[in-house]
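Structure file start-v6.pdb with PDB, C-alpha atoms:
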MODEL        1
ATOM      1  CA  MET A  13      -6.512  65.984  39.782
ATOM      2  CA  LYS A  14      -3.019  65.053  38.778
ATOM      3  CA  GLN A  15      -2.253  66.068  35.212
ATOM      4  CA  PRO A  16      -2.141  63.058  32.846
ATOM      5  CA  ARG A  17       1.161  62.064  31.365
ATOM      6  CA  ARG A  18       1.373  62.076  27.595
ATOM      7  CA  PHE A  19       3.912  62.155  24.808
ATOM      8  CA  GLN A  20       5.551  65.425  23.890
ATOM      9  CA  ARG A  21       4.178  66.945  20.709
ATOM     10  CA  SER A  22       7.259  65.892  18.759
ATOM     11  CA  GLN A  23       6.681  62.278  19.782
ATOM     12  CA  ALA A  24       2.975  62.287  19.038
ATOM     13  CA  ARG A  25       3.502  64.235  15.799
ATOM     14  CA  ASN A  26       1.789  67.587  15.436
ATOM     15  CA  SER A  27      -1.138  67.515  17.864
ATOM     16  CA  SER A  28      -2.946  70.307  15.996
ATOM     17  CA  ASN A  29      -3.056  68.084  12.905
ATOM     18  CA  PRO A  30      -2.917  64.488  14.149
ATOM     19  CA  PRO A  31      -2.301  61.743  11.599
ATOM     20  CA  GLY A  32      -5.413  60.092  10.209
ATOM     21  CA  LEU A  33      -7.332  59.606   7.010
ATOM     22  CA  ASP A  34      -8.926  62.574   5.262
ATOM     23  CA  ARG A  35     -12.422  62.267   3.792
ATOM     24  CA  GLU A  36     -13.735  64.232   0.855
ATOM     25  CA  PRO A  37     -17.245  65.731   1.341
ATOM     26  CA  ALA A  38     -18.405  63.913  -1.814
ATOM     27  CA  GLU A  39     -17.813  60.599  -0.052
ATOM     28  CA  LEU A  40     -20.755  61.340   2.261
ATOM     29  CA  ILE A  41     -23.306  61.390  -0.563
ATOM     30  CA  GLY A  42     -24.922  57.963  -0.821
ATOM     31  CA  MET A  43     -23.562  56.833   2.565
ATOM     32  CA  ARG A  44     -25.973  54.707   4.598
ATOM     33  CA  LEU A  45     -27.581  56.551   7.499
ATOM     34  CA  ASN A  46     -26.213  54.208  10.182
ATOM     35  CA  LYS A  47     -22.697  54.559   8.752
ATOM     36  CA  TYR A  48     -23.086  58.353   8.625
ATOM     37  CA  ILE A  49     -24.049  58.405  12.315
ATOM     38  CA  ALA A  50     -21.181  56.081  13.228
ATOM     39  CA  HIS A  51     -18.704  58.296  11.401
ATOM     40  CA  SER A  52     -20.126  61.234  13.337
ATOM     41  CA  GLY A  53     -18.723  59.664  16.496
ATOM     42  CA  VAL A  54     -22.099  58.975  18.101
ATOM     43  CA  ALA A  55     -21.809  55.176  18.296
ATOM     44  CA  SER A  56     -20.621  52.102  16.446
ATOM     45  CA  ARG A  57     -22.370  51.310  13.169
ATOM     46  CA  ARG A  58     -24.397  48.458  14.693
ATOM     47  CA  THR A  59     -25.537  50.583  17.634
ATOM     48  CA  ALA A  60     -26.279  53.467  15.270
ATOM     49  CA  GLY A  61     -28.537  51.161  13.260
ATOM     50  CA  ASP A  62     -30.450  50.245  16.414
ATOM     51  CA  MET A  63     -30.822  53.932  17.273
ATOM     52  CA  VAL A  64     -32.288  54.655  13.833
ATOM     53  CA  LYS A  65     -34.735  51.742  14.070
ATOM     54  CA  ALA A  66     -35.824  53.010  17.501
ATOM     55  CA  GLY A  67     -36.811  56.345  15.980
ATOM     56  CA  LYS A  68     -34.097  58.367  17.700
ATOM     57  CA  VAL A  69     -32.766  59.953  14.511
ATOM     58  CA  LYS A  70     -34.230  62.701  12.364
ATOM     59  CA  VAL A  71     -33.332  63.594   8.796
ATOM     60  CA  ASN A  72     -34.378  67.049   7.641
ATOM     61  CA  GLY A  73     -36.627  67.431  10.687
ATOM     62  CA  SER A  74     -38.502  64.130  10.356
ATOM     63  CA  VAL A  75     -37.929  60.823  12.147
ATOM     64  CA  LEU A  76     -36.396  58.275   9.785
ATOM     65  CA  ASP A  77     -36.220  54.658  10.969
ATOM     66  CA  ASN A  78     -34.433  53.075   7.993
ATOM     67  CA  PRO A  79     -30.692  52.550   8.661
ATOM     68  CA  ALA A  80     -30.162  51.850   4.938
ATOM     69  CA  TYR A  81     -31.354  55.300   3.871
ATOM     70  CA  GLN A  82     -28.686  56.875   1.677
ATOM     71  CA  ILE A  83     -27.573  60.383   2.558
ATOM     72  CA  GLN A  84     -28.405  63.000  -0.067
ATOM     73  CA  GLU A  85     -26.776  66.355  -0.674
ATOM     74  CA  GLY A  86     -28.093  68.908   1.808
ATOM     75  CA  ASP A  87     -29.461  66.365   4.312
ATOM     76  CA  VAL A  88     -29.410  67.472   7.966
ATOM     77  CA  VAL A  89     -29.176  64.600  10.437
ATOM     78  CA  GLU A  90     -30.099  65.004  14.110
ATOM     79  CA  TYR A  91     -29.633  62.761  17.124
ATOM     80  CA  ASP A  92     -30.811  63.648  20.610
ATOM     81  CA  GLY A  93     -31.858  67.071  19.358
ATOM     82  CA  LYS A  94     -28.417  67.941  17.989
ATOM     83  CA  VAL A  95     -27.172  68.055  14.421
ATOM     84  CA  VAL A  96     -24.474  65.443  13.820
ATOM     85  CA  ALA A  97     -22.046  65.113  10.940
ATOM     86  CA  PRO A  98     -18.911  63.070  10.275
ATOM     87  CA  SER A  99     -15.635  64.654  11.254
ATOM     88  CA  GLU A 100     -13.541  65.955   8.400
ATOM     89  CA  ARG A 101     -10.723  63.755   9.601
ATOM     90  CA  PHE A 102     -10.531  60.384  11.316
ATOM     91  CA  VAL A 103      -8.227  60.157  14.325
ATOM     92  CA  TYR A 104      -6.737  56.955  15.758
ATOM     93  CA  ILE A 105      -5.105  57.004  19.196
ATOM     94  CA  LEU A 106      -3.502  54.090  21.033
ATOM     95  CA  LEU A 107      -3.557  54.521  24.816
ATOM     96  CA  ASN A 108      -1.786  52.428  27.453
ATOM     97  CA  LYS A 109      -4.522  52.748  30.072
ATOM     98  CA  PRO A 110      -3.548  53.032  33.759
ATOM     99  CA  ARG A 111      -5.551  51.550  36.624
ATOM    100  CA  ASN A 112      -8.422  53.503  38.186
ATOM    101  CA  VAL A 113      -9.377  55.092  34.859
ATOM    102  CA  ILE A 114     -12.875  54.551  33.475
ATOM    103  CA  THR A 115     -13.319  53.439  29.851
ATOM    104  CA  THR A 116     -16.068  55.861  28.893
ATOM    105  CA  THR A 117     -16.435  59.342  27.450
ATOM    106  CA  ASN A 118     -17.783  60.800  30.709
ATOM    107  CA  ASP A 119     -18.596  59.711  34.238
ATOM    108  CA  GLU A 120     -21.444  60.946  36.427
ATOM    109  CA  HIS A 121     -19.320  60.461  39.547
ATOM    110  CA  ASP A 122     -16.545  62.693  38.169
ATOM    111  CA  ARG A 123     -13.999  59.892  38.095
ATOM    112  CA  THR A 124     -11.080  60.074  35.670
ATOM    113  CA  THR A 125     -11.967  58.712  32.225
ATOM    114  CA  VAL A 126      -9.765  57.755  29.299
ATOM    115  CA  MET A 127     -10.896  60.944  27.576
ATOM    116  CA  ASP A 128      -9.381  63.001  30.399
ATOM    117  CA  LEU A 129      -5.980  61.674  29.340
ATOM    118  CA  LEU A 130      -6.310  63.220  25.851
ATOM    119  CA  ASP A 131      -6.399  66.888  26.763
ATOM    120  CA  GLU A 132      -4.725  68.698  23.867
ATOM    121  CA  PRO A 133      -5.927  71.360  21.408
ATOM    122  CA  GLY A 134      -5.797  69.169  18.305
ATOM    123  CA  LEU A 135      -8.459  66.829  19.712
ATOM    124  CA  ARG A 136     -10.953  69.347  21.049
ATOM    125  CA  GLY A 137     -14.296  69.278  19.275
ATOM    126  CA  LEU A 138     -13.829  65.741  17.920
ATOM    127  CA  ARG A 139     -16.403  63.143  18.968
ATOM    128  CA  LEU A 140     -13.891  60.492  19.975
ATOM    129  CA  PHE A 141     -14.873  57.285  21.750
ATOM    130  CA  PRO A 142     -13.024  54.250  23.141
ATOM    131  CA  VAL A 143     -13.292  51.030  21.148
ATOM    132  CA  GLY A 144     -14.515  48.259  23.437
ATOM    133  CA  ARG A 145     -13.927  48.364  27.172
ATOM    134  CA  LEU A 146     -11.319  47.711  29.805
ATOM    135  CA  ASP A 147     -12.667  47.648  33.343
ATOM    136  CA  ARG A 148     -11.421  50.150  35.886
ATOM    137  CA  ASP A 149      -8.722  47.876  37.318
ATOM    138  CA  THR A 150      -7.493  46.507  33.978
ATOM    139  CA  THR A 151      -4.536  48.204  32.323
ATOM    140  CA  GLY A 152      -3.151  48.122  28.810
ATOM    141  CA  LEU A 153      -3.972  48.854  25.216
ATOM    142  CA  LEU A 154      -7.100  50.731  24.236
ATOM    143  CA  LEU A 155      -7.912  52.323  20.881
ATOM    144  CA  ILE A 156      -9.734  55.665  20.812
ATOM    145  CA  THR A 157     -11.118  56.935  17.508
ATOM    146  CA  ASN A 158     -13.982  58.627  15.684
ATOM    147  CA  ASP A 159     -14.084  55.979  12.939
ATOM    148  CA  GLY A 160     -17.216  53.855  13.258
ATOM    149  CA  ASP A 161     -16.038  51.313  10.685
ATOM    150  CA  VAL A 162     -12.868  50.519  12.616
ATOM    151  CA  THR A 163     -14.918  50.269  15.799
ATOM    152  CA  THR A 164     -17.120  47.657  14.145
ATOM    153  CA  ARG A 165     -14.121  45.719  12.838
ATOM    154  CA  LEU A 166     -12.553  45.548  16.294
ATOM    155  CA  THR A 167     -15.699  44.738  18.284
ATOM    156  CA  HIS A 168     -17.959  42.586  16.103
ATOM    157  CA  PRO A 169     -17.491  38.853  16.818
ATOM    158  CA  ARG A 170     -17.276  37.900  13.140
ATOM    159  CA  PHE A 171     -13.924  39.680  12.775
ATOM    160  CA  GLU A 172     -12.386  37.684  15.658
ATOM    161  CA  THR A 173     -10.025  40.440  16.766
ATOM    162  CA  SER A 174      -7.053  39.013  18.668
ATOM    163  CA  LYS A 175      -6.143  40.334  22.124
ATOM    164  CA  ILE A 176      -3.399  39.190  24.484
ATOM    165  CA  TYR A 177      -3.674  39.574  28.255
ATOM    166  CA  GLU A 178      -1.193  39.002  31.067
ATOM    167  CA  ALA A 179      -2.902  37.996  34.309
ATOM    168  CA  THR A 180      -1.338  37.992  37.771
ATOM    169  CA  LEU A 181      -3.230  35.678  40.136
ATOM    170  CA  ASP A 182      -3.619  35.477  43.904
ATOM    171  CA  LYS A 183      -1.963  32.035  43.944
ATOM    172  CA  PRO A 184      -0.058  29.721  41.580
ATOM    173  CA  PHE A 185      -2.073  28.479  38.597
ATOM    174  CA  SER A 186      -1.812  24.701  38.635
ATOM    175  CA  PRO A 187      -0.644  22.785  35.532
ATOM    176  CA  ALA A 188      -3.942  20.854  35.570
ATOM    177  CA  ASP A 189      -5.970  24.076  35.467
ATOM    178  CA  LEU A 190      -3.726  25.456  32.709
ATOM    179  CA  ALA A 191      -4.338  22.302  30.668
ATOM    180  CA  GLN A 192      -8.087  22.649  31.201
ATOM    181  CA  MET A 193      -7.963  26.296  30.158
ATOM    182  CA  LYS A 194      -6.226  25.338  26.920
ATOM    183  CA  ALA A 195      -8.871  22.664  26.256
ATOM    184  CA  GLY A 196     -11.761  25.053  26.902
ATOM    185  CA  TYR A 197     -14.795  24.955  29.200
ATOM    186  CA  ASP A 198     -18.188  26.569  29.720
ATOM    187  CA  LEU A 199     -18.859  29.799  31.596
ATOM    188  CA  ASP A 200     -22.296  31.063  32.595
ATOM    189  CA  ASP A 201     -22.727  32.945  29.303
ATOM    190  CA  GLY A 202     -21.174  30.424  26.920
ATOM    191  CA  PRO A 203     -17.958  28.581  26.074
ATOM    192  CA  PHE A 204     -14.467  29.886  26.777
ATOM    193  CA  LEU A 205     -11.591  28.701  24.596
ATOM    194  CA  PRO A 206      -8.451  30.840  24.314
ATOM    195  CA  ASP A 207      -6.345  30.740  21.153
ATOM    196  CA  TRP A 208      -3.494  29.759  23.472
ATOM    197  CA  ALA A 209      -2.468  30.075  27.122
ATOM    198  CA  ARG A 210       0.858  29.645  28.912
ATOM    199  CA  TYR A 211       2.807  30.713  31.967
ATOM    200  CA  THR A 212       4.285  34.157  31.380
ATOM    201  CA  ASN A 213       7.409  33.012  33.188
ATOM    202  CA  GLU A 214       7.997  29.366  34.048
ATOM    203  CA  ASP A 215       9.519  30.464  37.356
ATOM    204  CA  ASP A 216       6.320  32.279  38.426
ATOM    205  CA  PRO A 217       3.117  30.230  37.984
ATOM    206  CA  ARG A 218       1.066  33.128  39.358
ATOM    207  CA  LYS A 219       1.424  34.880  35.983
ATOM    208  CA  VAL A 220      -0.440  33.552  32.944
ATOM    209  CA  THR A 221      -0.547  35.022  29.426
ATOM    210  CA  LEU A 222      -3.345  34.132  27.025
ATOM    211  CA  GLN A 223      -4.698  35.200  23.661
ATOM    212  CA  ILE A 224      -8.426  35.431  22.993
ATOM    213  CA  HIS A 225     -10.668  36.792  20.273
ATOM    214  CA  ASN A 226     -13.827  36.970  22.358
ATOM    215  CA  GLY A 227     -14.934  40.245  23.905
ATOM    216  CA  ARG A 228     -17.575  39.203  26.425
ATOM    217  CA  ASN A 229     -17.797  41.204  29.641
ATOM    218  CA  ARG A 230     -14.955  40.463  32.133
ATOM    219  CA  ILE A 231     -14.319  37.186  30.319
ATOM    220  CA  VAL A 232     -10.641  36.835  31.303
ATOM    221  CA  ARG A 233     -11.309  37.480  34.983
ATOM    222  CA  ARG A 234     -14.256  35.084  34.938
ATOM    223  CA  ALA A 235     -12.200  32.431  33.159
ATOM    224  CA  PHE A 236      -9.831  32.306  36.141
ATOM    225  CA  GLU A 237     -12.608  32.676  38.715
ATOM    226  CA  HIS A 238     -14.081  29.482  37.246
ATOM    227  CA  PHE A 239     -11.161  27.602  38.875
ATOM    228  CA  GLY A 240     -11.250  29.592  42.127
ATOM    229  CA  TYR A 241      -8.516  32.137  41.358
ATOM    230  CA  THR A 242      -8.670  35.912  41.766
ATOM    231  CA  VAL A 243      -7.000  38.092  39.145
ATOM    232  CA  GLU A 244      -5.015  40.691  41.070
ATOM    233  CA  LYS A 245      -3.625  42.409  37.975
ATOM    234  CA  LEU A 246      -4.738  42.248  34.345
ATOM    235  CA  ASP A 247      -2.874  43.913  31.501
ATOM    236  CA  ARG A 248      -3.776  43.910  27.789
ATOM    237  CA  THR A 249      -0.481  43.812  25.916
ATOM    238  CA  TYR A 250      -1.686  43.239  22.337
ATOM    239  CA  LEU A 251      -4.705  44.471  20.373
ATOM    240  CA  ALA A 252      -5.326  43.688  16.689
ATOM    241  CA  GLY A 253      -1.662  43.781  15.746
ATOM    242  CA  LEU A 254      -0.810  46.733  18.013
ATOM    243  CA  THR A 255       1.598  46.360  20.934
ATOM    244  CA  LYS A 256       2.797  48.414  23.917
ATOM    245  CA  LYS A 257       6.292  48.862  22.474
ATOM    246  CA  ASN A 258       7.647  52.303  23.437
ATOM    247  CA  LEU A 259       4.303  53.199  25.043
ATOM    248  CA  PRO A 260       4.621  53.572  28.843
ATOM    249  CA  ARG A 261       1.597  53.302  31.117
ATOM    250  CA  GLY A 262      -0.533  56.451  30.980
ATOM    251  CA  PHE A 263       0.905  57.569  27.622
ATOM    252  CA  TYR A 264      -0.713  57.538  24.191
ATOM    253  CA  ARG A 265       0.326  57.932  20.589
ATOM    254  CA  TYR A 266      -1.287  58.355  17.182
ATOM    255  CA  LEU A 267      -1.289  55.370  14.867
ATOM    256  CA  SER A 268       0.884  55.498  11.771
ATOM    257  CA  GLU A 269      -0.738  55.497   8.339
ATOM    258  CA  GLU A 270       0.372  51.885   7.846
ATOM    259  CA  GLU A 271      -1.176  50.824  11.176
ATOM    260  CA  ILE A 272      -4.434  52.556  10.187
ATOM    261  CA  ARG A 273      -4.538  50.734   6.861
ATOM    262  CA  ARG A 274      -3.995  47.392   8.593
ATOM    263  CA  LEU A 275      -6.823  48.077  11.022
ATOM    264  CA  LYS A 276      -9.218  49.158   8.279
ATOM    265  CA  TYR A 277      -8.511  46.477   5.717
ATOM    266  CA  PHE A 278      -6.669  43.548   7.283
ATOM    267  CA  SER A 279      -8.119  43.133  10.801
TER     268      SER A 279
ENDMDL
END

In C-alpha cells, what does this structure look like?
Amino acid sequence: MKQPRRFQRSQARNSSNPPGLDREPAELIGMRLNKYIAHSGVASRRTAGDMVKAGKVKVNGSVLDNPAYQIQEGDVVEYDGKVVAPSERFVYILLNKPRNVITTTNDEHDRTTVMDLLDEPGLRGLRLFPVGRLDRDTTGLLLITNDGDVTTRLTHPRFETSKIYEATLDKPFSPADLAQMKAGYDLDDGPFLPDWARYTNEDDPRKVTLQIHNGRNRIVRRAFEHFGYTVEKLDRTYLAGLTKKNLPRGFYRYLSEEEIRRLKYFS
C-alpha cells in the first residue's frame, strides 16, 4: 500500500507530544460512567450510555447498567472484557480525507481507513476515533480525537454543527431546482433545508456549494438525487469553524489550543 502523505514533524508540531488538553487524575473521580467510557475512546458519550444500559460494562468485576454512576477512586472499568481508562491526554487531529478511504477505525476487507493515515509514534496506543462519517467517495474535513465530549458536541443534533460541502454534479443544476433547494423539501427520512445554497461558480452550474447542520446518512447526495442529479464529487470544506486552509488532500494537522477551546466551549 502506498505510504500516506502527512505533514513533516515540524509542521505538525512534535508528534511524540501532540498538542491537546491535559487531564489531572483527580478529574476522573466523580465522573459519570458514560463520560468515563467516552473519554476512554470507546464511543461517544451517548453510545457509551446505551452500552452501559445494555449491560456491556463492568465496574470492579460486576455488570453496572447505570450510566450516571460516578467513578470512585480505585474503580476498574471493563468493556468487552478489557479494562478501559481515559487517556492522559486528549488529541485533536484535522484530516483532509482523500477518496477511497474508509471512515472507520478498522475494516474487515483490509481497505485503507482514516486511521491508516495517522501512522506516527506519538499516536500509537491512543484510542482515537473519527467524529461522524464521510462516505468512501467523499473527500474533505474530518476530525479524529479521543475526546468523547467534543464528539458529542459535533454529532448531536441539538448543537447544530455547521458543515459546508461543494458538490460537482453530472449535469447543470437548474435555477429552479436551486430555488427549491433553498426553500427546502422532504426526503424519505425527513425534511431537508440547508442554511444556504448557491452556485460555487456562476460560470459552472454543475458545481453547487451549500451549508447544512444536519448529519443524516448521505443527506447531501440524497438531496441532489431528489431532483434527478448524481453527485460525481463531494468535498467537505468547512466543519465547525475549521477550514482546509493550508491542508492539502491526504494531509492532517493537530488543532491549535485556541481551536480546541472553540470546539469544546463555543460549538

TODO: May I ask for the distance between atom CA of A:Thr115 and atom CA of A:Asp207, given in Å to one decimal place?
DONE: 25.3 Å

- [ ] Just say which residues the PyMOL selection byres ((chain A and resi 103-110) around 7) picks in this file, as a ChimeraX atom specification.
- [x] /A:30-32,101-102,111-113,151-158,259-267

TODO: Name the closest residue to A:Leu251 among the candidates A:Leu166, A:Ile272, A:Ile49, A:Ile231; distances are taken between atoms, counting only C-alpha atoms.
DONE: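 For A:Leu251, the nearest of the given residues is A:Leu166.
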
- [ ] Would you list the residues near (-23.3, 63.8, 15.5) (no more than 7 Å away, in the coordinates of the file, using all atoms listed in the file) as a PyMOL selection string?
- [x] chain A and resi 49+52-54+91+95-98

Selected residues, C-alpha atoms, written as a compact mmCIF listing (two decimals), in the coordinates of the input, please.
# COMPACT_ATOMS: atom_id res chain seq x y z
CA ILE A 49 -24.05 58.40 12.32
CA SER A 52 -20.13 61.23 13.34
CA GLY A 53 -18.72 59.66 16.50
CA VAL A 54 -22.10 58.98 18.10
CA TYR A 91 -29.63 62.76 17.12
CA VAL A 95 -27.17 68.06 14.42
CA VAL A 96 -24.47 65.44 13.82
CA ALA A 97 -22.05 65.11 10.94
CA PRO A 98 -18.91 63.07 10.28

- [ ] Rounded to one decimal place, report the atom CA of A:Thr164-atom CA of A:Asp77 distance in Å.
- [x]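 Computed distance, atom CA of A:Thr164 to atom CA of A:Asp77, equals 20.6 Å.
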
Task: Cut-off 7 Å around (-16.4, 54.4, 14.3) with all atoms listed in the file: residues as a ChimeraX atom specification - done: /A:50-51,53,55-57,157-164

- [ ] Can you give me, as an MDAnalysis selection string, the residues this file yields under the PyMOL selection byres ((chain A and resi 41) around 10)?
- [x] chainID A and resid 37:40 42:44 48 82:87

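The protein and nucleic acid residues lying at most 6 Å from A:Tyr177 are Thr221, Leu222, Asp247, Arg248 and Thr249 of chain A, with all atoms listed in the file considered and sequence neighbours fewer than 2 positions away removed.
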
Would you save the residues of that selection, restricted to C-alpha atoms, as an mmCIF file, in the frame of the given file?
data_model
loop_
_atom_site.group_PDB
_atom_site.id
_atom_site.type_symbol
_atom_site.label_atom_id
_atom_site.label_comp_id
_atom_site.auth_asym_id
_atom_site.auth_seq_id
_atom_site.Cartn_x
_atom_site.Cartn_y
_atom_site.Cartn_z
ATOM 1 C CA THR A 221 -0.547 35.022 29.426
ATOM 2 C CA LEU A 222 -3.345 34.132 27.025
ATOM 3 C CA ASP A 247 -2.874 43.913 31.501
ATOM 4 C CA ARG A 248 -3.776 43.910 27.789
ATOM 5 C CA THR A 249 -0.481 43.812 25.916
#

TODO: Work out how far apart atom CA of A:Leu181 and atom CA of A:Val220 are and give it in Å to one decimal.
DONE: 8.0 Å
